[in-house]
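Okay, run24.txt is below, compact mmCIF, C-alpha atoms:
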# COMPACT_ATOMS: atom_id res chain seq x y z
CA MET A 177 -12.38 43.18 -35.09
CA THR A 178 -10.07 46.19 -34.90
CA LYS A 179 -8.06 44.47 -32.19
CA TRP A 180 -7.51 41.40 -34.34
CA ARG A 181 -6.50 43.55 -37.31
CA VAL A 182 -3.86 45.34 -35.20
CA MET A 183 -2.52 42.03 -33.91
CA LEU A 184 -2.31 40.52 -37.41
CA THR A 185 -0.58 43.66 -38.71
CA ALA A 186 1.97 43.57 -35.87
CA ILE A 187 2.69 39.88 -36.38
CA ALA A 188 3.10 40.38 -40.11
CA GLY A 189 5.51 43.28 -39.47
CA VAL A 190 7.63 41.16 -37.17
CA GLY A 191 7.68 38.40 -39.77
CA MET A 192 8.94 40.81 -42.44
CA VAL A 193 11.59 42.36 -40.17
CA LEU A 194 13.04 39.08 -38.97
CA PRO A 195 15.35 37.28 -41.39
CA MET A 196 14.15 34.21 -43.23
CA SER A 197 16.33 32.25 -40.88
CA ALA A 198 15.14 28.78 -41.69
CA LYS A 199 17.31 29.04 -44.78
CA ALA A 200 20.22 30.64 -42.91
CA GLN A 201 23.25 28.95 -41.39
CA ASP A 202 22.85 29.40 -37.65
CA GLY A 203 26.18 27.75 -36.91
CA PRO A 204 29.50 29.31 -35.92
CA VAL A 205 30.86 29.83 -39.43
CA THR A 206 28.99 32.74 -41.07
CA SER A 207 30.01 35.29 -43.66
CA LEU A 208 30.33 38.19 -41.23
CA SER A 209 32.12 36.30 -38.46
CA SER A 210 34.38 34.63 -41.02
CA GLY A 211 35.24 38.08 -42.36
CA ILE A 212 36.25 39.19 -38.86
CA GLY A 213 38.38 36.06 -38.50
CA GLY A 214 40.03 36.88 -41.83
CA LEU A 215 41.48 40.06 -40.30
CA GLN A 216 43.99 37.84 -38.49
CA THR A 217 45.89 37.62 -41.79
CA THR A 218 45.88 41.42 -42.02
CA LEU A 219 47.49 41.65 -38.59
CA GLU A 220 50.16 39.17 -39.65
CA ASN A 221 50.92 41.26 -42.73
CA VAL A 222 51.14 44.42 -40.62
CA TYR A 223 53.54 42.68 -38.23
CA ASN A 224 55.80 41.49 -41.07
CA THR A 225 55.77 44.96 -42.66
CA MET A 226 56.64 46.79 -39.44
CA MET A 227 59.38 44.35 -38.46
CA VAL A 228 61.70 45.91 -41.05
CA HIS A 229 61.93 48.92 -38.72
CA CYS A 230 63.20 46.90 -35.77
CA GLY A 231 66.84 47.89 -36.48
CA GLU A 232 66.32 51.65 -36.73
CA LEU A 233 67.30 52.24 -33.09
CA ARG A 234 70.54 50.29 -33.34
CA GLY A 235 72.56 53.52 -33.39
CA VAL A 236 71.01 54.76 -30.16
CA GLY A 237 71.42 51.35 -28.57
CA GLN A 238 75.09 51.15 -29.57
CA ALA A 239 75.73 54.64 -28.15
CA LEU A 240 74.17 53.60 -24.84
CA ALA A 241 76.10 50.34 -24.86
CA GLY A 242 79.39 52.07 -25.72
CA PHE A 243 79.12 54.57 -22.88
CA GLY A 244 77.96 51.82 -20.54
CA ALA A 245 80.89 49.63 -21.59
CA LEU A 246 83.30 52.44 -20.71
CA LEU A 247 81.83 52.77 -17.21
CA TYR A 248 81.49 48.99 -16.82
CA ILE A 249 85.12 48.22 -17.69
CA SER A 250 86.59 51.25 -15.96
CA TYR A 251 84.82 50.51 -12.67
CA ARG A 252 85.97 46.89 -12.60
CA VAL A 253 89.52 47.53 -13.74
CA TRP A 254 89.90 50.32 -11.18
CA GLY A 255 88.54 48.02 -8.45
CA HIS A 256 91.05 45.27 -9.32
CA ILE A 257 93.93 47.76 -9.32
CA ALA A 258 92.80 49.32 -6.03
CA ARG A 259 92.64 45.89 -4.41
CA VAL A 260 95.94 44.87 -6.00
CA GLU A 261 94.26 41.90 -7.71
CA PRO A 262 94.84 40.34 -11.12
CA ILE A 263 92.37 41.60 -13.71
CA ASP A 264 89.76 39.03 -14.73
CA VAL A 265 89.25 39.68 -18.41
CA PHE A 266 86.33 37.31 -19.10
CA PRO A 267 83.60 39.31 -17.25
CA LEU A 268 84.79 42.41 -19.10
CA LEU A 269 83.70 40.85 -22.41
CA ARG A 270 80.00 41.20 -21.57
CA PRO A 271 79.60 44.77 -22.94
CA PHE A 272 81.31 43.74 -26.17
CA GLY A 273 78.97 40.78 -26.56
CA LEU A 274 75.93 43.00 -26.01
CA SER A 275 77.27 45.53 -28.53
CA LEU A 276 77.62 42.75 -31.10
CA LEU A 277 74.06 41.66 -30.30
CA ILE A 278 72.84 45.20 -31.06
CA TYR A 279 74.81 45.26 -34.30
CA PHE A 280 73.26 41.99 -35.46
CA TYR A 281 69.89 42.78 -33.84
CA PRO A 282 67.64 42.23 -36.92
CA GLY A 283 69.17 38.78 -37.35
CA PHE A 284 68.77 38.08 -33.62
CA ILE A 285 65.07 38.99 -33.55
CA GLY A 286 64.62 37.00 -36.75
CA VAL A 287 66.11 33.92 -35.06
CA VAL A 288 63.79 34.34 -32.06
CA ASN A 289 60.76 34.63 -34.36
CA GLY A 290 61.95 31.70 -36.46
CA VAL A 291 62.28 29.47 -33.40
CA MET A 292 58.82 30.47 -32.10
CA GLN A 293 56.94 30.51 -35.43
CA PRO A 294 56.42 26.70 -35.59
CA THR A 295 54.25 26.98 -32.48
CA VAL A 296 51.91 29.30 -34.41
CA THR A 297 51.93 27.19 -37.57
CA GLY A 298 51.32 23.92 -35.73
CA THR A 299 48.43 25.23 -33.63
CA ALA A 300 46.88 27.03 -36.63
CA ALA A 301 46.51 23.62 -38.28
CA LEU A 302 44.33 22.55 -35.34
CA VAL A 303 42.02 25.51 -35.93
CA ASP A 304 41.85 24.77 -39.67
CA ASP A 305 40.86 21.16 -38.96
CA ALA A 306 38.16 22.26 -36.52
CA ASN A 307 36.77 24.84 -38.98
CA ALA A 308 36.76 22.28 -41.79
CA ALA A 309 34.77 19.86 -39.61
CA ILE A 310 32.31 22.61 -38.68
CA THR A 311 31.85 23.60 -42.33
CA THR A 312 31.09 19.99 -43.26
CA LEU A 313 28.58 19.67 -40.43
CA LEU A 314 26.87 22.91 -41.42
CA GLN A 315 26.44 21.57 -44.94
CA GLN A 316 24.93 18.40 -43.50
CA LYS A 317 22.66 20.50 -41.30
CA GLU A 318 21.44 22.55 -44.27
CA ALA A 319 20.76 19.36 -46.24
CA ALA A 320 18.82 17.87 -43.32
CA LEU A 321 16.89 21.11 -42.88
CA GLU A 322 15.87 21.21 -46.56
CA LYS A 323 14.51 17.68 -46.25
CA SER A 324 12.29 18.54 -43.29
CA THR A 325 8.60 19.09 -43.79
CA ASP A 326 8.63 22.38 -41.88
CA TRP A 327 11.24 23.85 -44.22
CA GLN A 328 9.33 22.68 -47.29
CA MET A 329 6.09 24.18 -45.94
CA TYR A 330 7.35 27.53 -44.66
CA VAL A 331 10.49 28.26 -46.70
CA GLY A 332 10.90 26.12 -49.80
CA ALA A 333 13.25 26.68 -52.71
CA ASP A 334 12.03 30.24 -53.37
CA GLY A 335 11.87 31.26 -49.69
CA SER A 336 8.11 31.93 -49.66
CA GLY A 337 6.95 28.46 -48.64
CA SER A 338 4.19 26.36 -50.13
CA MET A 339 0.61 26.58 -48.96
CA ASP A 340 -0.28 23.40 -50.83
CA LYS A 341 2.33 21.43 -48.88
CA TRP A 342 1.18 23.10 -45.65
CA GLU A 343 -2.36 21.90 -46.29
CA GLN A 344 -1.05 18.45 -47.21
CA TYR A 345 1.23 17.95 -44.20
CA SER A 346 -0.81 19.80 -41.57
CA GLY A 347 -4.22 18.45 -42.58
CA GLU A 348 -5.72 21.95 -42.57
CA ALA A 349 -7.35 21.63 -46.00
CA GLU A 350 -10.88 23.03 -45.86
CA THR A 351 -13.71 23.49 -48.28
CA GLY A 352 -16.17 26.32 -48.51
CA VAL A 353 -16.56 29.86 -49.76
CA PHE A 354 -14.02 31.42 -47.38
CA SER A 355 -11.74 28.38 -47.00
CA GLY A 356 -9.05 29.87 -49.22
CA LEU A 357 -8.89 33.10 -47.17
CA THR A 358 -8.96 31.23 -43.85
CA ASN A 359 -6.19 28.85 -44.87
CA ALA A 360 -4.09 31.72 -46.20
CA VAL A 361 -4.28 33.51 -42.84
CA LYS A 362 -3.45 30.33 -40.91
CA PHE A 363 -0.56 29.58 -43.24
CA GLN A 364 0.91 33.06 -42.90
CA LEU A 365 0.64 32.95 -39.09
CA ALA A 366 2.29 29.53 -38.95
CA LYS A 367 5.07 30.71 -41.28
CA ILE A 368 5.66 33.87 -39.24
CA SER A 369 5.87 31.79 -36.04
CA TYR A 370 8.33 29.40 -37.66
CA ASN A 371 10.54 32.21 -38.97
CA PHE A 372 10.35 34.09 -35.67
CA ARG A 373 11.52 31.14 -33.57
CA ASN A 374 14.37 30.35 -35.93
CA GLY A 375 15.14 34.05 -36.40
CA VAL A 376 15.71 34.64 -32.69
CA LYS A 377 18.05 31.67 -32.61
CA VAL A 378 20.04 32.90 -35.62
CA VAL A 379 20.28 36.48 -34.38
CA LEU A 380 21.54 35.43 -30.95
CA SER A 381 24.03 32.97 -32.44
CA GLU A 382 25.28 35.53 -34.96
CA VAL A 383 25.68 38.33 -32.41
CA LEU A 384 27.54 36.08 -29.98
CA GLN A 385 29.67 34.64 -32.79
CA ILE A 386 30.68 38.14 -33.89
CA VAL A 387 31.67 39.04 -30.32
CA TYR A 388 33.51 35.70 -30.10
CA GLU A 389 35.53 36.45 -33.26
CA ALA A 390 36.09 40.03 -32.07
CA ALA A 391 37.56 38.75 -28.79
CA ALA A 392 40.06 36.58 -30.68
CA LEU A 393 40.91 39.52 -32.96
CA CYS A 394 41.34 41.82 -29.95
CA ILE A 395 43.83 39.45 -28.31
CA ASN A 396 45.82 39.12 -31.55
CA THR A 397 45.79 42.91 -32.03
CA LEU A 398 47.18 43.48 -28.54
CA ARG A 399 49.76 40.75 -29.19
CA THR A 400 50.87 42.35 -32.46
CA PHE A 401 51.13 45.78 -30.85
CA GLU A 402 53.20 44.56 -27.93
CA LEU A 403 55.50 42.42 -30.10
CA LEU A 404 56.19 45.33 -32.45
CA LEU A 405 56.77 47.69 -29.54
CA MET A 406 59.24 45.34 -27.87
CA ALA A 407 60.96 44.47 -31.15
CA ILE A 408 61.49 48.10 -32.20
CA LEU A 409 62.69 49.17 -28.73
CA GLY A 410 64.84 46.04 -28.31
CA PRO A 411 68.19 47.79 -29.10
CA LEU A 412 67.51 50.31 -26.33
CA VAL A 413 66.80 47.49 -23.90
CA ILE A 414 70.03 45.70 -24.82
CA GLY A 415 71.99 48.94 -24.55
CA LEU A 416 70.60 49.65 -21.07
CA SER A 417 71.36 46.09 -19.95
CA VAL A 418 75.08 46.94 -20.07
CA TYR A 419 74.62 49.07 -16.94
CA ASP A 420 74.68 47.17 -13.67
CA PRO A 421 71.32 48.50 -12.36
CA PHE A 422 69.62 47.35 -15.60
CA ARG A 423 71.47 44.11 -16.31
CA HIS A 424 68.28 42.11 -15.66
CA VAL A 425 66.18 43.92 -18.28
CA LEU A 426 67.53 41.84 -21.19
CA SER A 427 66.33 38.52 -19.75
CA ALA A 428 63.04 40.15 -18.67
CA TRP A 429 62.54 41.62 -22.16
CA LEU A 430 63.25 38.30 -23.87
CA GLY A 431 60.93 36.46 -21.46
CA ARG A 432 58.11 38.92 -22.08
CA TYR A 433 58.63 38.74 -25.84
CA VAL A 434 58.33 34.95 -25.79
CA ASN A 435 55.36 35.16 -23.43
CA VAL A 436 53.43 37.54 -25.69
CA PHE A 437 54.42 35.55 -28.78
CA LEU A 438 52.77 32.47 -27.24
CA TRP A 439 49.43 34.25 -26.92
CA LEU A 440 48.51 33.28 -30.47
CA PRO A 441 49.42 29.57 -30.15
CA VAL A 442 47.44 29.37 -26.89
CA ALA A 443 44.53 31.20 -28.57
CA ASN A 444 44.68 28.72 -31.46
CA ILE A 445 44.53 25.77 -29.07
CA PHE A 446 41.62 27.39 -27.23
CA GLY A 447 39.85 28.12 -30.53
CA SER A 448 40.35 24.52 -31.65
CA LEU A 449 38.80 23.29 -28.40
CA CYS A 450 35.86 25.64 -28.85
CA GLY A 451 35.47 24.42 -32.43
CA GLN A 452 35.28 20.81 -31.32
CA ILE A 453 32.56 21.66 -28.80
CA GLN A 454 30.66 23.64 -31.42
CA ALA A 455 30.89 20.68 -33.82
CA GLU A 456 29.36 18.40 -31.21
CA MET A 457 26.53 20.87 -30.64
CA ILE A 458 25.85 21.06 -34.38
CA LYS A 459 25.60 17.26 -34.43
CA VAL A 460 22.96 17.49 -31.70
CA ASP A 461 21.13 20.11 -33.76
CA ILE A 462 21.22 17.87 -36.84
CA ALA A 463 19.78 15.00 -34.78
CA GLN A 464 17.01 17.33 -33.59
CA ILE A 465 16.17 18.31 -37.18
CA GLN A 466 16.09 14.67 -38.30
CA ALA A 467 13.88 13.72 -35.36
CA SER A 468 11.37 16.60 -35.33
CA GLY A 469 12.03 18.42 -38.61
CA SER A 470 12.57 21.69 -36.77
CA THR A 471 15.32 23.60 -34.95
CA ALA A 472 13.14 25.02 -32.21
CA PHE A 473 14.78 26.93 -29.38
CA SER A 474 15.66 24.22 -26.87
CA ALA A 475 17.94 23.56 -23.90
CA THR A 476 20.72 22.65 -26.35
CA ASP A 477 20.51 26.11 -27.90
CA VAL A 478 20.64 27.75 -24.47
CA ALA A 479 23.74 25.66 -23.71
CA TYR A 480 25.29 26.75 -27.01
CA ILE A 481 24.71 30.42 -26.19
CA ILE A 482 26.13 29.99 -22.68
CA PHE A 483 29.13 28.22 -24.17
CA LEU A 484 29.81 31.13 -26.55
CA ILE A 485 29.66 33.57 -23.63
CA ILE A 486 32.16 31.43 -21.71
CA ALA A 487 34.39 31.26 -24.81
CA ILE A 488 34.32 35.07 -25.15
CA ILE A 489 35.45 35.49 -21.56
CA GLY A 490 37.97 32.66 -21.97
CA TYR A 491 39.78 34.48 -24.78
CA PHE A 492 40.62 37.33 -22.43
CA CYS A 493 42.08 34.82 -19.97
CA ILE A 494 44.68 33.68 -22.52
CA PRO A 495 47.45 36.02 -21.22
CA SER A 496 46.93 34.64 -17.72
CA ILE A 497 47.03 31.08 -19.06
CA THR A 498 50.21 31.84 -21.00
CA ASN A 499 51.67 33.27 -17.83
CA HIS A 500 51.57 29.74 -16.38
CA ILE A 501 53.90 28.64 -19.19
CA ILE A 502 56.39 31.52 -18.92
CA ASN A 503 55.79 33.55 -15.78
CA VAL A 504 56.92 37.11 -16.51
CA PHE A 505 53.85 39.22 -15.73
CA PRO A 506 52.79 39.65 -12.07
CA SER A 507 49.07 39.54 -12.97
CA GLY A 508 48.21 38.46 -16.45
CA GLY A 509 49.08 40.70 -19.38
CA GLY A 510 49.45 44.19 -17.92
CA ALA A 511 47.29 47.26 -17.45
CA LEU A 512 46.28 47.59 -21.10
CA LEU A 513 44.84 44.08 -21.24
CA SER A 514 43.10 44.57 -17.89
CA LYS A 515 41.29 47.62 -19.28
CA VAL A 516 40.29 45.75 -22.43
CA SER A 517 39.15 42.72 -20.41
CA GLY A 518 36.97 44.93 -18.25
CA GLN A 519 35.29 46.46 -21.30
CA ALA A 520 34.90 43.01 -22.88
CA ALA A 521 33.17 41.69 -19.78
CA ALA A 522 30.66 44.53 -20.04
CA VAL A 523 30.09 43.77 -23.73
CA ALA A 524 29.68 40.05 -23.04
CA ASN A 525 26.94 40.75 -20.48
CA ALA A 526 24.69 42.33 -23.14
CA PRO A 527 24.31 39.16 -25.26
CA GLN A 528 23.89 37.15 -22.09
CA GLN A 529 20.92 39.28 -21.09
CA MET A 530 19.57 38.99 -24.64
CA ALA A 531 19.89 35.21 -24.48
CA SER A 532 18.14 35.04 -21.11
CA ALA A 533 15.27 37.19 -22.36
CA ALA A 534 14.92 35.19 -25.55
CA ALA A 535 15.03 31.85 -23.76
CA GLY A 536 12.21 32.98 -21.50
CA GLY A 537 10.15 34.30 -24.38
CA MET A 538 10.52 31.29 -26.65
CA GLY A 539 8.54 29.10 -24.29
CA GLN A 540 5.53 31.35 -24.87
CA MET A 541 6.04 31.36 -28.64
CA GLY A 542 6.43 27.59 -28.94
CA SER A 543 2.72 26.95 -29.63
CA ALA A 544 1.92 30.17 -31.49
CA GLY A 545 1.98 28.59 -34.95
CA GLY A 546 0.76 25.13 -34.01
CA ILE A 547 4.07 23.58 -35.06
For the file at hand, write its structure as structure tokens.
Amino acid sequence: MTKWRVMLTAIAGVGMVLPMSAKAQDGPVTSLSSGIGGLQTTLENVYNTMMVHCGELRGVGQALAGFGALLYISYRVWGHIARVEPIDVFPLLRPFGLSLLIYFYPGFIGVVNGVMQPTVTGTAALVDDANAAITTLLQQKEAALEKSTDWQMYVGADGSGSMDKWEQYSGEAETGVFSGLTNAVKFQLAKISYNFRNGVKVVLSEVLQIVYEAAALCINTLRTFELLLMAILGPLVIGLSVYDPFRHVLSAWLGRYVNVFLWLPVANIFGSLCGQIQAEMIKVDIAQIQASGSTAFSATDVAYIIFLIIAIIGYFCIPSITNHIINVFPSGGGALLSKVSGQAAAVANAPQQMASAAAGGMGQMGSAGGI
């Protein structure tokens, strides 16, 4: 008897600790993950605020360019005179053109951003469409879940379930002196089993979704940092490009700026693709609810979790993918991104191990509540 009391106490404790997940949205759009995604707007505001400082190094850049122009012109003019050749004036205009570029640098960087911004706006619309479709499907899923007999028995409008409906739908109605106590225990065990199975699914989905949103935020944070760094130091780069040993740095700097700028459009396209796949998986989940009245942990849920893990890793491959469009980095996005990607891979392995453990344990819990 003592053994059974301990078991019932433990099961009841687990039931109280786990969320009442049958009423929760176990899809990709949740309050916490949506809040993390909302930080993308904060990064955009930070970028726009810091861009006003991009012209503060124009004086240093013009000094470098002026001294470089003196050496540049003097060396070439002296060479033409020494070789008794006519002086070619057109190549000598390069330092003056670069000096003008430094003088109008805020306008120049504004033109570059203005030309590239439509790529961000256009791809962001794809993400908005995917999120809108997911939100609609989640509403349909909640409506289908509330119509199911399992939800009405174990959750209900007040979240505590209905024992009368459990007796009606399960056929467990009994008569006798202790029938009320026996049915109450059976009902509580069945409800705990139902909430446990759905709770594991929600927790895994939520944890992976948070890591998924954090990966997208991490990429955008690195992008914002690198864009601001290159924009603020741009006048120095242009000033150094006047010197012959550094004449290639201007084209390399511009190529890297465009490459990093494209990280967000590529991330938006990748996020839109992930959203479409998530929408299809939610449709499968809705069909499962309509067919069986339950969202038990199944092979579809395992596939969804695996897909989120792949999506997390895929976000950190975006710099390498962008490098196929404009090839400026020898190996992806540099040392900083390599360090972050290594840490992200370690973080992504933890939910994967959680998912594997849960998927193995759910098979044993499937018949615990007789559902």
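Across the model, the gap from atom CA of A:His424 to atom CA of A:Asp264 is 21.7 Å.
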Identify, on the basis of only C-alpha atoms, every residue whose closest approach to stretch 439-453 of chain A does not exceed 8 Å; exclude the query and any residue fewer than 2 positions from it along the same chain; express the result as an NGL selection string. :A and (295-296 or 299-300 or 302-303 or 306-307 or 310 or 392 or 395-396 or 399 or 435-437 or 455-457 or 487 or 491 or 494-495 or 498)
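Note that atom CA of A:Leu409 and atom CA of A:Ser250 are 27.2 Å apart.
Distance annotation: of A:Met227, A:Ala366, A:Leu215, A:Ala241, the residue with the minimal separation from A:Val413 is A:Ala241; atom set is all atoms listed in the file.
We find atom CA of A:Ala390 and atom CA of A:Gln216 to be spaced 10.4 Å apart.
Using all atoms listed in the file, the smallest distance between any of A:Val260, A:Leu219, A:Ala428, A:Leu277 and A:Leu393 comes from A:Leu219.
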Completion step: stretch 491-501 of chain A with all heavy atoms as a compact mmCIF listing (two decimals), keeping the file's coordinate frame:
# COMPACT_ATOMS: atom_id res chain seq x y z
N TYR A 491 38.74 33.90 -23.94
CA TYR A 491 39.78 34.48 -24.78
C TYR A 491 40.58 35.55 -24.04
O TYR A 491 41.78 35.69 -24.26
CB TYR A 491 39.16 35.08 -26.04
CG TYR A 491 39.27 34.17 -27.24
CD1 TYR A 491 38.13 33.60 -27.81
CD2 TYR A 491 40.50 33.86 -27.81
CE1 TYR A 491 38.22 32.76 -28.90
CE2 TYR A 491 40.60 33.02 -28.90
CZ TYR A 491 39.46 32.47 -29.44
OH TYR A 491 39.56 31.63 -30.52
N PHE A 492 39.92 36.29 -23.16
CA PHE A 492 40.62 37.33 -22.43
C PHE A 492 41.40 36.77 -21.24
O PHE A 492 42.09 37.52 -20.55
CB PHE A 492 39.64 38.41 -21.98
CG PHE A 492 39.11 39.23 -23.11
CD1 PHE A 492 37.89 38.93 -23.69
CD2 PHE A 492 39.85 40.27 -23.63
CE1 PHE A 492 37.41 39.67 -24.75
CE2 PHE A 492 39.38 41.02 -24.70
CZ PHE A 492 38.14 40.72 -25.26
N CYS A 493 41.26 35.47 -20.99
CA CYS A 493 42.08 34.82 -19.97
C CYS A 493 43.34 34.20 -20.55
O CYS A 493 44.14 33.62 -19.81
CB CYS A 493 41.27 33.73 -19.26
SG CYS A 493 39.84 34.34 -18.33
N ILE A 494 43.53 34.31 -21.87
CA ILE A 494 44.68 33.68 -22.52
C ILE A 494 46.00 34.23 -21.99
O ILE A 494 46.93 33.45 -21.75
CB ILE A 494 44.56 33.84 -24.05
CG1 ILE A 494 43.50 32.88 -24.58
CG2 ILE A 494 45.90 33.60 -24.75
CD1 ILE A 494 43.20 33.02 -26.05
N PRO A 495 46.18 35.55 -21.80
CA PRO A 495 47.45 36.02 -21.22
C PRO A 495 47.74 35.42 -19.85
O PRO A 495 48.90 35.09 -19.55
CB PRO A 495 47.26 37.53 -21.14
CG PRO A 495 46.29 37.83 -22.23
CD PRO A 495 45.33 36.67 -22.24
N SER A 496 46.72 35.26 -19.03
CA SER A 496 46.93 34.64 -17.72
C SER A 496 47.31 33.18 -17.86
O SER A 496 48.16 32.67 -17.13
CB SER A 496 45.67 34.78 -16.87
OG SER A 496 45.35 36.14 -16.65
N ILE A 497 46.68 32.48 -18.83
CA ILE A 497 47.03 31.08 -19.06
C ILE A 497 48.46 30.97 -19.57
O ILE A 497 49.22 30.10 -19.12
CB ILE A 497 46.03 30.45 -20.06
CG1 ILE A 497 44.62 30.46 -19.47
CG2 ILE A 497 46.45 29.04 -20.42
CD1 ILE A 497 43.55 30.04 -20.46
N THR A 498 48.84 31.84 -20.48
CA THR A 498 50.21 31.84 -21.00
C THR A 498 51.21 32.15 -19.90
O THR A 498 52.35 31.68 -19.92
CB THR A 498 50.35 32.86 -22.14
OG1 THR A 498 49.30 32.66 -23.09
CG2 THR A 498 51.68 32.70 -22.86
N ASN A 499 50.78 32.93 -18.94
CA ASN A 499 51.67 33.27 -17.83
C ASN A 499 52.02 32.05 -16.99
O ASN A 499 53.02 32.05 -16.27
CB ASN A 499 51.01 34.33 -16.94
CG ASN A 499 52.02 35.22 -16.27
OD1 ASN A 499 53.07 35.52 -16.84
ND2 ASN A 499 51.72 35.67 -15.06
N HIS A 500 51.21 30.99 -17.06
CA HIS A 500 51.57 29.74 -16.38
C HIS A 500 52.68 29.00 -17.11
O HIS A 500 53.37 28.17 -16.51
CB HIS A 500 50.34 28.84 -16.27
CG HIS A 500 49.27 29.38 -15.36
ND1 HIS A 500 49.46 29.57 -14.01
CD2 HIS A 500 48.00 29.78 -15.61
CE1 HIS A 500 48.36 30.06 -13.46
NE2 HIS A 500 47.46 30.19 -14.41
N ILE A 501 52.84 29.29 -18.41
CA ILE A 501 53.90 28.64 -19.19
C ILE A 501 55.22 29.37 -18.97
O ILE A 501 56.25 28.75 -18.67
CB ILE A 501 53.52 28.63 -20.68
CG1 ILE A 501 52.18 27.92 -20.88
CG2 ILE A 501 54.61 27.96 -21.52
CD1 ILE A 501 51.64 28.02 -22.30
